[in-house]
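Chemist: Got work_0.txt for you, compact mmCIF, C-alpha atoms:
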# COMPACT_ATOMS: atom_id res chain seq x y z
CA MET A 1 -11.66 -14.95 23.25
CA ILE A 2 -9.60 -17.66 21.55
CA VAL A 3 -12.75 -19.69 20.98
CA LYS A 4 -14.41 -16.65 19.43
CA HIS A 5 -11.40 -16.13 17.16
CA ILE A 6 -11.38 -19.77 16.10
CA GLY A 7 -15.09 -19.53 15.36
CA LEU A 8 -14.55 -16.38 13.30
CA LEU A 9 -11.78 -18.01 11.29
CA LEU A 10 -13.86 -21.11 10.62
CA LEU A 11 -16.78 -18.97 9.55
CA ALA A 12 -14.50 -16.99 7.26
CA PHE A 13 -13.21 -20.25 5.78
CA ILE A 14 -16.70 -21.57 5.12
CA ILE A 15 -17.79 -18.29 3.54
CA GLN A 16 -14.61 -18.19 1.45
CA SER A 17 -15.14 -21.72 0.16
CA THR A 18 -18.87 -21.40 -0.59
CA VAL A 19 -20.28 -17.92 -0.99
CA VAL A 20 -17.33 -15.81 -2.17
CA GLU A 21 -17.44 -17.34 -5.63
CA HIS A 22 -20.79 -15.61 -6.15
CA ILE A 23 -19.46 -12.15 -5.26
CA ALA A 24 -16.41 -12.44 -7.49
CA ILE A 25 -16.03 -9.69 -10.10
CA TRP A 26 -14.40 -10.88 -13.32
CA GLY A 27 -12.93 -13.78 -11.36
CA ILE A 28 -11.41 -11.51 -8.68
CA LYS A 29 -12.36 -12.58 -5.17
CA PRO A 30 -11.79 -10.96 -1.77
CA ASP A 31 -10.06 -12.91 0.98
CA PHE A 32 -12.15 -13.13 4.13
CA ILE A 33 -9.69 -15.48 5.79
CA LEU A 34 -6.90 -12.95 5.50
CA ILE A 35 -9.06 -10.16 6.92
CA ILE A 36 -10.03 -12.21 9.97
CA LEU A 37 -6.52 -13.57 10.52
CA ILE A 38 -5.07 -10.05 10.49
CA TYR A 39 -7.76 -8.93 12.94
CA VAL A 40 -7.07 -11.90 15.24
CA SER A 41 -3.30 -11.35 15.10
CA LEU A 42 -3.59 -7.63 15.85
CA ARG A 43 -5.96 -8.39 18.71
CA SER A 44 -4.13 -11.33 20.29
CA GLY A 45 -0.49 -11.08 19.30
CA SER A 46 2.11 -13.14 17.47
CA LEU A 47 1.78 -16.43 19.33
CA ILE A 48 -1.95 -16.79 18.67
CA GLY A 49 -1.40 -15.37 15.19
CA VAL A 50 1.12 -18.10 14.35
CA ILE A 51 -0.94 -20.93 15.81
CA LEU A 52 -4.22 -19.88 14.20
CA GLY A 53 -2.48 -18.90 10.97
CA PHE A 54 -0.87 -22.32 10.72
CA SER A 55 -4.15 -24.07 11.54
CA ILE A 56 -6.33 -22.21 9.08
CA GLY A 57 -3.61 -22.42 6.44
CA LEU A 58 -3.43 -26.18 6.88
CA LEU A 59 -7.19 -26.41 6.53
CA GLN A 60 -6.94 -24.45 3.29
CA ASP A 61 -4.24 -26.84 2.12
CA PHE A 62 -6.50 -29.82 2.80
CA TYR A 63 -8.93 -28.33 0.30
CA GLY A 64 -6.25 -27.55 -2.25
CA PRO A 65 -4.01 -29.63 -4.48
CA PRO A 66 -1.98 -32.32 -2.66
CA ALA A 67 1.28 -30.99 -4.09
CA ASN A 68 0.80 -27.70 -2.22
CA LEU A 69 0.11 -29.21 1.19
CA GLY A 70 1.83 -26.92 3.69
CA LEU A 71 2.03 -23.83 1.47
CA ASN A 72 -0.90 -21.92 2.93
CA ALA A 73 0.13 -23.07 6.40
CA LEU A 74 3.60 -21.58 5.86
CA CYS A 75 2.36 -18.27 4.44
CA LYS A 76 -0.37 -17.79 7.04
CA SER A 77 2.04 -18.65 9.92
CA LEU A 78 4.45 -15.97 8.74
CA LEU A 79 1.59 -13.52 8.27
CA GLY A 80 0.17 -14.24 11.73
CA PHE A 81 3.58 -13.74 13.31
CA GLY A 82 4.42 -10.58 11.39
CA VAL A 83 1.08 -8.87 11.95
CA GLY A 84 0.92 -10.04 15.58
CA ILE A 85 4.01 -7.99 16.35
CA GLY A 86 1.83 -4.96 15.60
CA LYS A 87 -0.39 -5.71 18.58
CA GLU A 88 1.86 -3.56 20.75
CA GLY A 89 3.60 -1.43 18.15
CA LEU A 90 0.87 -0.33 15.73
CA TYR A 91 -1.47 2.60 16.20
CA LYS A 92 -4.60 0.55 15.63
CA ASP A 93 -7.02 3.43 16.09
CA SER A 94 -6.13 4.76 12.68
CA MET A 95 -8.08 3.38 9.74
CA LEU A 96 -5.21 4.28 7.43
CA VAL A 97 -2.79 2.21 9.50
CA LEU A 98 -5.18 -0.76 9.48
CA MET A 99 -5.65 -0.57 5.74
CA LEU A 100 -1.92 -0.25 5.12
CA THR A 101 -1.34 -3.27 7.37
CA LEU A 102 -3.87 -5.22 5.33
CA VAL A 103 -2.38 -4.21 1.98
CA ILE A 104 1.23 -4.90 2.97
CA SER A 105 0.31 -8.22 4.61
CA TYR A 106 -1.75 -9.34 1.61
CA ILE A 107 0.97 -8.44 -0.89
CA THR A 108 3.72 -10.09 1.16
CA HIS A 109 1.61 -13.21 1.65
CA ASP A 110 0.88 -13.47 -2.08
CA ILE A 111 4.48 -12.91 -3.14
CA ILE A 112 5.72 -15.69 -0.85
CA TYR A 113 2.88 -17.96 -1.95
CA HIS A 114 3.43 -17.53 -5.67
CA ILE A 115 7.21 -17.73 -5.47
CA ILE A 116 6.94 -21.16 -3.86
CA ASP A 117 3.91 -22.25 -5.93
CA THR A 118 5.59 -21.44 -9.24
CA ARG A 119 8.88 -22.91 -8.03
CA PHE A 120 10.70 -19.59 -8.29
CA THR A 121 9.51 -18.72 -11.80
CA PHE A 122 9.52 -14.97 -11.45
CA ASP A 123 7.77 -14.20 -14.75
CA ALA A 124 4.75 -16.17 -13.61
CA VAL A 125 4.89 -14.51 -10.19
CA VAL A 126 4.84 -11.03 -11.72
CA SER A 127 2.08 -11.97 -14.12
CA TRP A 128 -0.07 -13.44 -11.37
CA PHE A 129 0.67 -10.56 -9.01
CA ILE A 130 -0.39 -7.88 -11.47
CA GLY A 131 -3.36 -9.78 -12.90
CA VAL A 132 -4.87 -11.33 -9.79
CA SER A 133 -3.25 -10.26 -6.53
CA LEU A 134 -3.45 -6.47 -6.96
CA PRO A 135 -7.15 -6.43 -7.90
CA SER A 136 -7.85 -8.88 -5.06
CA VAL A 137 -6.06 -6.58 -2.60
CA PHE A 138 -8.24 -3.69 -3.68
CA TYR A 139 -11.42 -5.74 -3.41
CA THR A 140 -10.38 -7.06 0.01
CA VAL A 141 -9.62 -3.56 1.31
CA VAL A 142 -13.04 -2.31 0.19
CA LEU A 143 -14.71 -5.28 1.84
CA SER A 144 -12.79 -4.85 5.08
CA LEU A 145 -13.82 -1.19 5.20
CA LEU A 146 -17.44 -2.32 4.89
CA LEU A 147 -16.97 -4.86 7.68
CA ILE A 148 -15.35 -2.28 9.96
CA TYR A 149 -18.20 0.12 9.19
CA VAL A 150 -20.72 -2.52 10.21
CA PHE A 151 -18.95 -3.63 13.40
CA ALA A 152 -17.24 -0.44 14.66
CA PHE A 153 -19.37 2.47 13.54
CA ARG A 154 -20.29 4.89 16.31
CA ARG A 155 -22.10 8.18 15.91
CA GLY A 156 -21.08 8.67 12.34
CA GLN A 157 -17.37 8.24 13.08
CA LEU A 158 -15.28 5.41 11.70
CA HIS A 159 -12.69 4.34 14.21
CA ALA A 160 -11.25 1.12 15.44
CA LYS A 161 -11.60 1.43 19.22
CA ARG A 162 -14.41 -1.09 19.33
CA LEU A 163 -12.36 -3.57 17.33
CA PHE A 164 -9.25 -3.23 19.49
CA PRO A 165 -10.29 -2.24 22.98
CA GLU A 166 -7.47 -1.58 25.49
CA MET B 1 20.35 -27.88 26.84
CA PRO B 2 18.10 -26.66 29.68
CA ARG B 3 19.29 -23.13 28.80
CA ILE B 4 17.99 -23.56 25.26
CA PHE B 5 14.62 -24.70 26.57
CA SER B 6 14.44 -21.74 28.92
CA ILE B 7 15.23 -19.37 26.05
CA LEU B 8 12.61 -21.05 23.86
CA SER B 9 9.98 -20.84 26.59
CA VAL B 10 10.66 -17.13 27.06
CA HIS B 11 10.37 -16.46 23.34
CA LYS B 12 7.22 -18.47 22.77
CA GLN B 13 6.33 -16.62 19.61
CA ILE B 14 9.65 -17.44 17.93
CA THR B 15 9.38 -21.05 19.02
CA ALA B 16 5.86 -21.34 17.66
CA LEU B 17 6.96 -19.74 14.39
CA ILE B 18 9.93 -22.10 14.02
CA ILE B 19 7.69 -25.13 14.66
CA ALA B 20 5.00 -23.89 12.27
CA VAL B 21 7.45 -23.03 9.47
CA GLY B 22 9.38 -26.28 9.96
CA THR B 23 6.20 -28.36 9.82
CA SER B 24 5.00 -26.53 6.71
CA ILE B 25 8.30 -27.10 4.92
CA ILE B 26 8.23 -30.79 5.82
CA LEU B 27 4.66 -31.09 4.50
CA LEU B 28 5.66 -29.32 1.29
CA SER B 29 8.62 -31.61 0.82
CA VAL B 30 7.01 -35.02 1.37
CA SER B 31 4.55 -36.68 -0.96
CA PRO B 32 1.06 -37.28 0.44
CA GLN B 33 0.93 -40.30 2.75
CA ASP B 34 -2.09 -42.27 3.85
CA GLN B 35 -2.15 -40.47 7.22
CA ILE B 36 -2.21 -37.10 5.51
CA ARG B 37 -4.91 -38.32 3.13
CA LEU B 38 -6.96 -39.51 6.08
CA SER B 39 -6.57 -36.19 7.91
CA ARG B 40 -7.52 -34.35 4.78
CA MET B 41 -10.69 -36.32 4.17
CA THR B 42 -11.62 -36.12 7.85
CA ALA B 43 -11.46 -32.33 7.72
CA VAL B 44 -13.42 -32.24 4.46
CA THR B 45 -16.05 -34.68 5.76
CA VAL B 46 -16.54 -32.73 9.01
CA LEU B 47 -17.03 -29.42 7.24
CA THR B 48 -19.09 -30.76 4.33
CA PRO B 49 -22.52 -30.48 6.01
CA VAL B 50 -21.92 -26.82 6.91
CA GLN B 51 -20.57 -25.99 3.49
CA ASP B 52 -23.49 -27.78 1.88
CA LEU B 53 -25.82 -25.55 3.89
CA PHE B 54 -23.97 -22.35 2.99
CA SER B 55 -23.88 -23.28 -0.68
CA TYR B 56 -27.66 -22.97 -0.79
CA ILE B 57 -27.57 -19.31 0.19
CA PRO B 58 -27.18 -17.93 -3.34
CA SER B 59 -29.70 -20.37 -4.79
CA PHE B 60 -33.44 -20.99 -4.87
CA PHE B 61 -34.73 -24.48 -4.08
CA GLY B 62 -37.39 -24.82 -6.72
CA LEU B 63 -35.30 -23.49 -9.55
CA ARG B 64 -32.38 -25.64 -8.54
CA LYS B 65 -34.43 -28.85 -8.64
CA GLU B 66 -35.85 -28.08 -12.05
CA ASN B 67 -32.44 -26.99 -13.28
CA ARG B 68 -30.90 -30.20 -12.00
CA LEU B 69 -33.34 -32.39 -13.89
CA LEU B 70 -32.95 -30.43 -17.09
CA ARG B 71 -29.16 -30.36 -16.89
CA LYS B 72 -28.99 -34.09 -16.29
CA GLU B 73 -31.06 -34.69 -19.40
CA LEU B 74 -28.99 -32.17 -21.35
CA VAL B 75 -25.63 -33.66 -20.38
CA GLN B 76 -26.77 -37.12 -21.42
CA LEU B 77 -27.86 -35.80 -24.79
CA GLN B 78 -24.71 -33.74 -25.29
CA LEU B 79 -22.40 -36.59 -24.38
CA LYS B 80 -24.28 -38.89 -26.74
CA ASN B 81 -23.93 -36.26 -29.43
CA ALA B 82 -20.19 -35.95 -28.77
CA ASN B 83 -19.85 -39.73 -29.09
CA MET B 84 -21.73 -39.71 -32.36
CA GLN B 85 -19.54 -36.91 -33.74
CA GLU B 86 -16.47 -38.95 -32.88
CA SER B 87 -17.98 -41.95 -34.59
CA LEU B 88 -18.69 -40.00 -37.77
CA LEU B 89 -15.14 -38.65 -37.95
CA GLU B 90 -13.71 -42.08 -37.30
CA ASN B 91 -15.94 -43.55 -40.01
CA ASP B 92 -14.81 -41.00 -42.59
CA ARG B 93 -11.19 -41.56 -41.65
CA LEU B 94 -11.11 -45.33 -41.75
CA ARG B 95 -13.89 -45.80 -44.40
CA SER B 96 -15.05 -49.11 -43.05
CA LEU B 97 -15.40 -50.20 -39.44
CA LEU B 98 -16.07 -53.87 -39.47
CA ASP B 99 -14.43 -54.63 -36.18
CA LEU B 100 -15.18 -51.40 -34.34
CA LYS B 101 -14.85 -51.51 -30.54
CA LYS B 102 -16.44 -48.61 -28.72
CA GLN B 103 -16.59 -47.54 -25.14
CA SER B 104 -19.23 -49.03 -22.95
CA LYS B 105 -22.37 -47.19 -21.96
CA PHE B 106 -21.62 -44.79 -19.08
CA SER B 107 -23.63 -43.94 -16.05
CA TYR B 108 -23.45 -40.51 -14.47
CA ILE B 109 -23.53 -39.59 -10.83
CA SER B 110 -25.10 -36.18 -10.50
CA SER B 111 -23.27 -33.97 -7.99
CA GLU B 112 -23.17 -30.42 -6.80
CA VAL B 113 -20.15 -28.30 -6.08
CA ILE B 114 -20.39 -27.31 -2.43
CA ALA B 115 -16.98 -25.76 -1.80
CA ARG B 116 -13.97 -24.49 -3.64
CA ASP B 117 -10.27 -24.22 -3.16
CA THR B 118 -9.71 -21.17 -0.95
CA GLY B 119 -6.07 -20.72 -1.92
CA ARG B 120 -4.70 -18.36 -4.52
CA GLY B 121 -5.08 -20.80 -7.38
CA PHE B 122 -8.29 -22.55 -8.41
CA ASN B 123 -7.22 -26.16 -8.41
CA THR B 124 -9.86 -28.20 -6.60
CA VAL B 125 -13.54 -28.27 -5.73
CA ILE B 126 -15.53 -30.36 -3.27
CA ILE B 127 -18.61 -32.19 -4.51
CA ASN B 128 -21.39 -33.62 -2.40
CA THR B 129 -21.12 -37.25 -3.50
CA GLY B 130 -18.73 -39.83 -2.12
CA ARG B 131 -18.33 -43.51 -1.37
CA GLN B 132 -21.99 -43.87 -0.46
CA ASP B 133 -22.84 -42.77 -4.01
CA HIS B 134 -20.29 -45.21 -5.54
CA VAL B 135 -17.79 -42.50 -6.40
CA LYS B 136 -14.22 -43.79 -6.65
CA ARG B 137 -10.81 -42.23 -7.08
CA TYR B 138 -9.76 -41.18 -10.58
CA MET B 139 -13.29 -41.10 -11.92
CA ALA B 140 -13.71 -38.37 -14.54
CA VAL B 141 -15.83 -35.35 -13.69
CA VAL B 142 -17.61 -33.37 -16.39
CA THR B 143 -20.16 -30.61 -16.81
CA ILE B 144 -22.67 -30.14 -19.59
CA GLU B 145 -19.98 -28.30 -21.55
CA GLY B 146 -17.11 -30.74 -21.17
CA VAL B 147 -14.18 -31.92 -19.06
CA LEU B 148 -13.80 -30.49 -15.56
CA GLY B 149 -11.30 -32.80 -13.87
CA ARG B 150 -11.07 -36.03 -11.93
CA VAL B 151 -11.75 -37.28 -8.42
CA ILE B 152 -8.59 -37.50 -6.32
CA GLU B 153 -9.95 -38.11 -2.82
CA VAL B 154 -13.18 -39.77 -1.74
CA GLY B 155 -14.93 -39.48 1.61
CA PRO B 156 -18.16 -41.04 2.76
CA THR B 157 -20.39 -38.20 1.48
CA SER B 158 -18.04 -35.87 -0.37
CA SER B 159 -15.12 -35.96 -2.75
CA VAL B 160 -12.25 -33.75 -3.82
CA VAL B 161 -12.07 -33.05 -7.54
CA GLN B 162 -8.79 -32.01 -9.15
CA LEU B 163 -9.58 -29.50 -11.87
CA LEU B 164 -7.84 -29.33 -15.20
CA THR B 165 -6.41 -26.00 -14.00
CA ASP B 166 -4.25 -27.85 -11.47
CA ARG B 167 -0.62 -27.99 -12.53
CA ASN B 168 -0.50 -31.69 -11.69
CA CYS B 169 -3.50 -32.60 -13.84
CA ARG B 170 -2.49 -33.84 -17.28
CA ILE B 171 -5.02 -35.01 -19.84
CA SER B 172 -4.29 -36.80 -23.08
CA GLY B 173 -5.94 -34.67 -25.74
CA VAL B 174 -6.48 -34.88 -29.47
CA VAL B 175 -7.33 -32.24 -32.05
CA GLN B 176 -10.79 -33.30 -33.16
CA ARG B 177 -10.28 -32.23 -36.78
CA SER B 178 -6.77 -33.51 -37.51
CA ARG B 179 -6.45 -36.19 -34.79
CA GLU B 180 -3.07 -34.82 -33.68
CA GLN B 181 -2.39 -36.05 -30.16
CA GLY B 182 -0.73 -34.32 -27.27
CA THR B 183 -0.88 -33.75 -23.53
CA VAL B 184 -2.95 -30.93 -22.12
CA SER B 185 -1.63 -29.35 -18.94
CA TRP B 186 -1.89 -26.14 -16.98
CA GLN B 187 1.20 -23.98 -17.22
CA LEU B 188 2.48 -21.77 -14.41
CA ASN B 189 -1.00 -20.76 -13.25
CA THR B 190 -1.65 -18.81 -16.41
CA ARG B 191 -2.91 -21.00 -19.25
CA LEU B 192 -3.92 -24.41 -20.51
CA ASP B 193 -1.43 -25.73 -23.06
CA LEU B 194 -1.29 -28.52 -25.62
CA ARG B 195 2.22 -29.39 -26.67
CA LEU B 196 2.59 -30.79 -30.20
CA PRO B 197 5.37 -31.54 -32.69
CA LEU B 198 6.37 -28.64 -34.90
CA ARG B 199 4.62 -29.97 -38.02
CA ALA B 200 1.38 -30.90 -36.28
CA ASP B 201 -1.79 -29.82 -38.07
CA ILE B 202 -3.53 -27.48 -35.68
CA ARG B 203 -5.32 -24.19 -36.16
CA ILE B 204 -6.82 -21.49 -33.99
CA GLY B 205 -10.40 -22.46 -33.23
CA ASP B 206 -9.80 -26.22 -33.34
CA ARG B 207 -11.67 -28.19 -30.72
CA ILE B 208 -9.54 -30.28 -28.37
CA VAL B 209 -11.16 -33.44 -27.03
CA THR B 210 -9.99 -36.25 -24.78
CA SER B 211 -8.24 -39.09 -26.56
CA GLY B 212 -9.24 -41.83 -24.13
CA LEU B 213 -5.64 -42.86 -23.52
CA GLY B 214 -4.76 -43.43 -19.89
CA GLY B 215 -8.19 -44.73 -18.97
CA THR B 216 -9.40 -41.89 -16.78
CA PHE B 217 -11.31 -39.80 -19.30
CA PRO B 218 -13.54 -41.38 -21.94
CA PRO B 219 -12.69 -40.32 -25.51
CA GLY B 220 -14.48 -37.50 -27.22
CA LEU B 221 -15.11 -35.18 -24.26
CA THR B 222 -14.46 -31.54 -25.05
CA ILE B 223 -11.56 -29.93 -23.22
CA GLY B 224 -11.50 -26.55 -24.95
CA ARG B 225 -10.71 -24.60 -28.09
CA VAL B 226 -7.36 -23.43 -29.41
CA SER B 227 -6.95 -19.68 -28.89
CA HIS B 228 -3.28 -19.13 -29.65
CA ILE B 229 -0.34 -21.06 -31.15
CA VAL B 230 3.34 -20.32 -30.48
CA LEU B 231 6.61 -22.00 -31.32
CA GLU B 232 8.82 -23.06 -28.47
CA GLU B 233 12.17 -21.34 -28.11
CA ARG B 234 14.14 -24.31 -29.41
CA GLY B 235 11.78 -24.75 -32.34
CA LEU B 236 11.11 -28.48 -31.99
CA PHE B 237 7.59 -28.19 -30.63
CA LYS B 238 4.74 -25.80 -30.68
CA ARG B 239 2.32 -24.91 -27.93
CA ALA B 240 -1.35 -24.33 -28.47
CA SER B 241 -3.05 -22.28 -25.77
CA ILE B 242 -6.48 -23.67 -25.03
CA THR B 243 -9.45 -21.85 -23.60
CA PRO B 244 -11.26 -24.35 -21.36
CA ILE B 245 -14.77 -25.08 -22.52
CA VAL B 246 -16.02 -25.17 -18.93
CA ASP B 247 -16.68 -21.84 -17.24
CA LEU B 248 -14.87 -22.39 -13.95
CA ASN B 249 -16.50 -19.34 -12.39
CA ARG B 250 -19.94 -20.90 -12.73
CA LEU B 251 -19.66 -24.39 -11.35
CA GLU B 252 -22.77 -25.78 -9.75
CA GLU B 253 -23.91 -29.06 -11.27
CA VAL B 254 -21.29 -31.59 -12.28
CA PHE B 255 -21.40 -35.26 -13.23
CA VAL B 256 -19.06 -38.01 -12.19
CA ILE B 257 -18.70 -40.56 -14.95
CA ALA B 258 -19.07 -44.00 -13.44
CA GLY B 259 -18.97 -47.44 -14.97
CA ASP B 260 -16.94 -50.61 -14.65
CA THR B 261 -14.72 -49.59 -17.56
CA LEU B 262 -13.39 -46.68 -15.58
CA ARG B 263 -12.09 -48.43 -12.49
CA SER B 264 -8.59 -49.16 -13.70
CA PRO B 265 -6.63 -46.09 -14.83
CA ASP B 266 -4.44 -48.27 -17.07
CA ARG B 267 -7.21 -49.62 -19.30
CA ASN B 268 -7.43 -48.35 -22.82
CA TRP B 269 -10.88 -47.12 -23.74
CA ARG B 270 -10.81 -48.48 -27.26
CA ASP B 271 -10.56 -52.04 -26.03
CA GLN B 272 -14.05 -51.97 -24.53
CA PRO B 273 -16.80 -54.00 -26.25
CA LEU B 274 -19.60 -52.17 -27.99
CA SER B 275 -22.86 -52.33 -26.06
CA ASN B 276 -26.18 -53.08 -27.77
CA SER B 277 -27.53 -49.58 -27.30
CA ASP B 278 -24.43 -48.07 -28.87
CA ARG B 279 -24.69 -50.32 -31.91
CA GLN B 280 -28.10 -48.82 -32.81
Take the structure in the file and give it back as structure tokens.
Modeler:
Amino acid sequence: MIVKHIGLLLLAFIIQSTVVEHIAIWGIKPDFILIILIYVSLRSGSLIGVILGFSIGLLQDFYGPPANLGLNALCKSLLGFGVGIGKEGLYKDSMLVLMLTLVISYITHDIIYHIIDTRFTFDAVVSWFIGVSLPSVFYTVVLSLLLIYVFAFRRGQLHAKRLFPE
Amino acid sequence: MPRIFSILSVHKQITALIIAVGTSIILLSVSPQDQIRLSRMTAVTVLTPVQDLFSYIPSFFGLRKENRLLRKELVQLQLKNANMQESLLENDRLRSLLDLKKQSKFSYISSEVIARDTGRGFNTVIINTGRQDHVKRYMAVVTIEGVLGRVIEVGPTSSVVQLLTDRNCRISGVVQRSREQGTVSWQLNTRLDLRLPLRADIRIGDRIVTSGLGGTFPPGLTIGRVSHIVLEERGLFKRASITPIVDLNRLEEVFVIAGDTLRSPDRNWRDQPLSNSDRQ
């Protein structure tokens, strides 16, 4: 299963770096990597979440500016750990719970990222959060609903039992 | 000590988190070393073939080839035109140019953008040309519209381009009309700024071009247009907000400017001898 999760994350990374640009709306892009990392963390727990979050974050940092090397790794490690705690505690069969998890994780990740990226300039953080992060959250939630519909749909009912089997 | 290890082994998640966070903070704190650069380019080089394949998905082969040829011809004509505009303005300003020294003739390495920065900012792109195509670090990268950025890392078949929207990218710019000089830089992930003295002659709509100082970017390349001018709080300088001329949401074909005058970042462009073709 770990190999499958690594493959999913790599695929999400490649799609994010190549194709996503072409589905952006007014410059707002969804985040496939975040969707898959949250799925992997909820499925496998905090330890795998931290390790894979750090790894995929570091890969993202290799593609980003040298001055930010380690930033995505930090944010994704924290996200993987935090969401992974929900493996036992969250009611994953509820779509509402999954979407709330995604929204809260995305917002927390972006706040930490921009605070460090802007070197604690809170005006810039607020401006970026309202102008870019919030629309991206919305787009990502819509996309994740589509993905869940494609992979977990059964007899007209949307539920998450196929995504998170016991 | 063994007790600590036993506690850490029981709480594997916490241990993994501490290691991951600690490593990330160390990476953020240190400046890039050769080992990190090597790891980075190894990862980019390994993934480049797959990303190159995926980047074809939204495109059509036949149209792309024709587009490529036409864009290459167009960029050569536009850059020549930009050079001639600069020459005309310089001529009017100085009135006689008996001892004019111009930049050498450039050659362009046609490249395609195959991957983009996946982080929250848009600071870098990956292009599909590298050492095998004679790309070197700090070479300027342009599109048919104007300045895009510069090469910061080079692999065998791909390179990392730092865009002008990266906070660490600073370009020496000049107002094409009034020749006021300043440094163009990206501010706090929100805008491109040109900082000038308070009495500088600059207006909304002015075109900002590269000055050629620093040696990375040839002079006369369009950076953007002034969209807004504000005074700084202390009143000694003013800031002109610049709209980049390049549409960063539609990057496909780019051109790396190559030539022996570009290899040293410290060389001044205006010291280069005029080539025969440029004298005509």
Chemist: Select from chain A every residue with an atom at most 7 Å from any atom of chain B, then for each give the shortest pair of atoms and their distance in Å to one decimal, using only C-alpha atoms, rows by chain and rising number, as CSV.
Modeler:
residue,atom,partner,partner_atom,distance
A:Ile14,CA,B:Gln51,CA,6.1
A:Gln16,CA,B:Thr118,CA,6.2
A:Ser17,CA,B:Arg116,CA,4.8
A:Thr18,CA,B:Ala115,CA,4.9
A:Val19,CA,B:Ser55,CA,6.5
A:Gly27,CA,B:Asn249,CA,6.7
A:Ser46,CA,B:Gln13,CA,5.9
A:Leu47,CA,B:Gln13,CA,4.6
A:Val50,CA,B:Leu17,CA,6.1
A:Phe54,CA,B:Ala20,CA,6.3
A:Gln60,CA,B:Thr118,CA,6.0
A:Phe62,CA,B:Arg40,CA,5.0
A:Tyr63,CA,B:Asp117,CA,5.5
A:Gly64,CA,B:Asp117,CA,5.3
A:Pro65,CA,B:Asn123,CA,6.1
A:Pro66,CA,B:Pro32,CA,6.6
A:Asn68,CA,B:Leu28,CA,6.2
A:Leu69,CA,B:Leu28,CA,5.6
A:Gly70,CA,B:Ser24,CA,4.4
A:Leu71,CA,B:Leu28,CA,6.6
A:Ala73,CA,B:Ser24,CA,6.0
A:Leu74,CA,B:Ser24,CA,5.2
A:Ser77,CA,B:Ala20,CA,6.5
A:Phe81,CA,B:Leu17,CA,7.0
A:Thr118,CA,B:Leu188,CA,6.0
A:Ala124,CA,B:Leu188,CA,6.1
Chemist: What lies within 10 Å of Val246 (chain B) using all atoms listed in the file, ignoring chain neighbours under 6 positions off, as a PyMOL selection string?
Modeler: chain B and resi 142-148+164+222-224
Chemist: Extract, using all atoms listed in the file, all DNA, RNA and protein residues at most 12 Å from Val3 (chain A), discarding same-chain residues fewer than 5 positions from it, and format them as a list in words.
Modeler: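 My list of contacting residues is Leu8, Leu9, Leu10, Val40, Ile48 and Leu52 of chain A.
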Chemist: Would you mind telling me which residue in B:Gln85, B:Ser172, B:Asn91, B:Ser110 lies nearest to Glu73 (chain B) when using only C-alpha atoms?
Modeler: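 The answer is B:Ser110, which sits nearest to Glu73 (chain B).
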Chemist: Measure the distance from CA of Glu233 (chain B) to CA of Ser211 (chain B) in Å and round it to one decimal.
Modeler: 27.1 Å
Chemist: Tell me which protein, DNA and RNA residues are within 9 Å of Val135 (chain B), counting all atoms listed in the file, leaving out same-chain ones fewer than 3 positions away, and put them as a PDB file with C-alpha atoms, keeping the file's coordinate frame.
Modeler:
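Wrote it out as part.pdb, contents follow:
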ATOM      1  CA  ILE B 109     -23.530 -39.590 -10.830  1.00  0.00           C
ATOM      2  CA  THR B 129     -21.120 -37.250  -3.500  1.00  0.00           C
ATOM      3  CA  GLY B 130     -18.730 -39.830  -2.120  1.00  0.00           C
ATOM      4  CA  ARG B 131     -18.330 -43.510  -1.370  1.00  0.00           C
ATOM      5  CA  GLN B 132     -21.990 -43.870  -0.460  1.00  0.00           C
ATOM      6  CA  MET B 139     -13.290 -41.100 -11.920  1.00  0.00           C
ATOM      7  CA  VAL B 151     -11.750 -37.280  -8.420  1.00  0.00           C
ATOM      8  CA  VAL B 154     -13.180 -39.770  -1.740  1.00  0.00           C
ATOM      9  CA  SER B 158     -18.040 -35.870  -0.370  1.00  0.00           C
ATOM     10  CA  SER B 159     -15.120 -35.960  -2.750  1.00  0.00           C
ATOM     11  CA  VAL B 256     -19.060 -38.010 -12.190  1.00  0.00           C
ATOM     12  CA  ILE B 257     -18.700 -40.560 -14.950  1.00  0.00           C
ATOM     13  CA  ALA B 258     -19.070 -44.000 -13.440  1.00  0.00           C
TER      14      ALA B 258
END
Chemist: Rounded to one decimal in Å, what is the spacing between CA of Leu196 (chain B) and CA of Gly149 (chain B)?
Modeler: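 Going from CA of Leu196 (chain B) over to CA of Gly149 (chain B) covers 21.5 Å.
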Chemist: Go ahead and compute the interatomic distance for CA of Leu79 (chain A) and CA of Gly53 (chain A), in Å to one decimal.
Modeler: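 Calculated distance between CA of Leu79 (chain A) and CA of Gly53 (chain A) is 7.3 Å.
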Chemist: Just checking: using all atoms listed in the file, which residue out of B:Asp201, B:Asp34, B:Glu252, B:Glu90 ends up closest to Arg71 (chain B)?
Modeler: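 Of all the options, B:Glu252 lies closest to Arg71 (chain B).
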Chemist: From the list B:Ile242, B:Val141, B:Ile202, B:Val209, which residue is nearest Val75 (chain B) when using only C-alpha atoms?
Modeler: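 Among the listed residues, B:Val141 lies closest to Val75 (chain B).
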Chemist: A:Leu90, A:Ile111, A:Val126, A:Leu102: which is nearest Leu34 (chain A), counting all atoms listed in the file?
Modeler: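 Ranked by minimum distance to Leu34 (chain A), first place goes to A:Leu102.
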Chemist: Which residues are close to Tyr106 (chain A), i.e. within 10 Å by only C-alpha atoms, leaving aside same-chain residues fewer than 6 positions away? Reply as an NGL selection string.
Modeler: :A and (31 or 34-35 or 38 or 79 or 100 or 133-134 or 136-137 or 140-141)
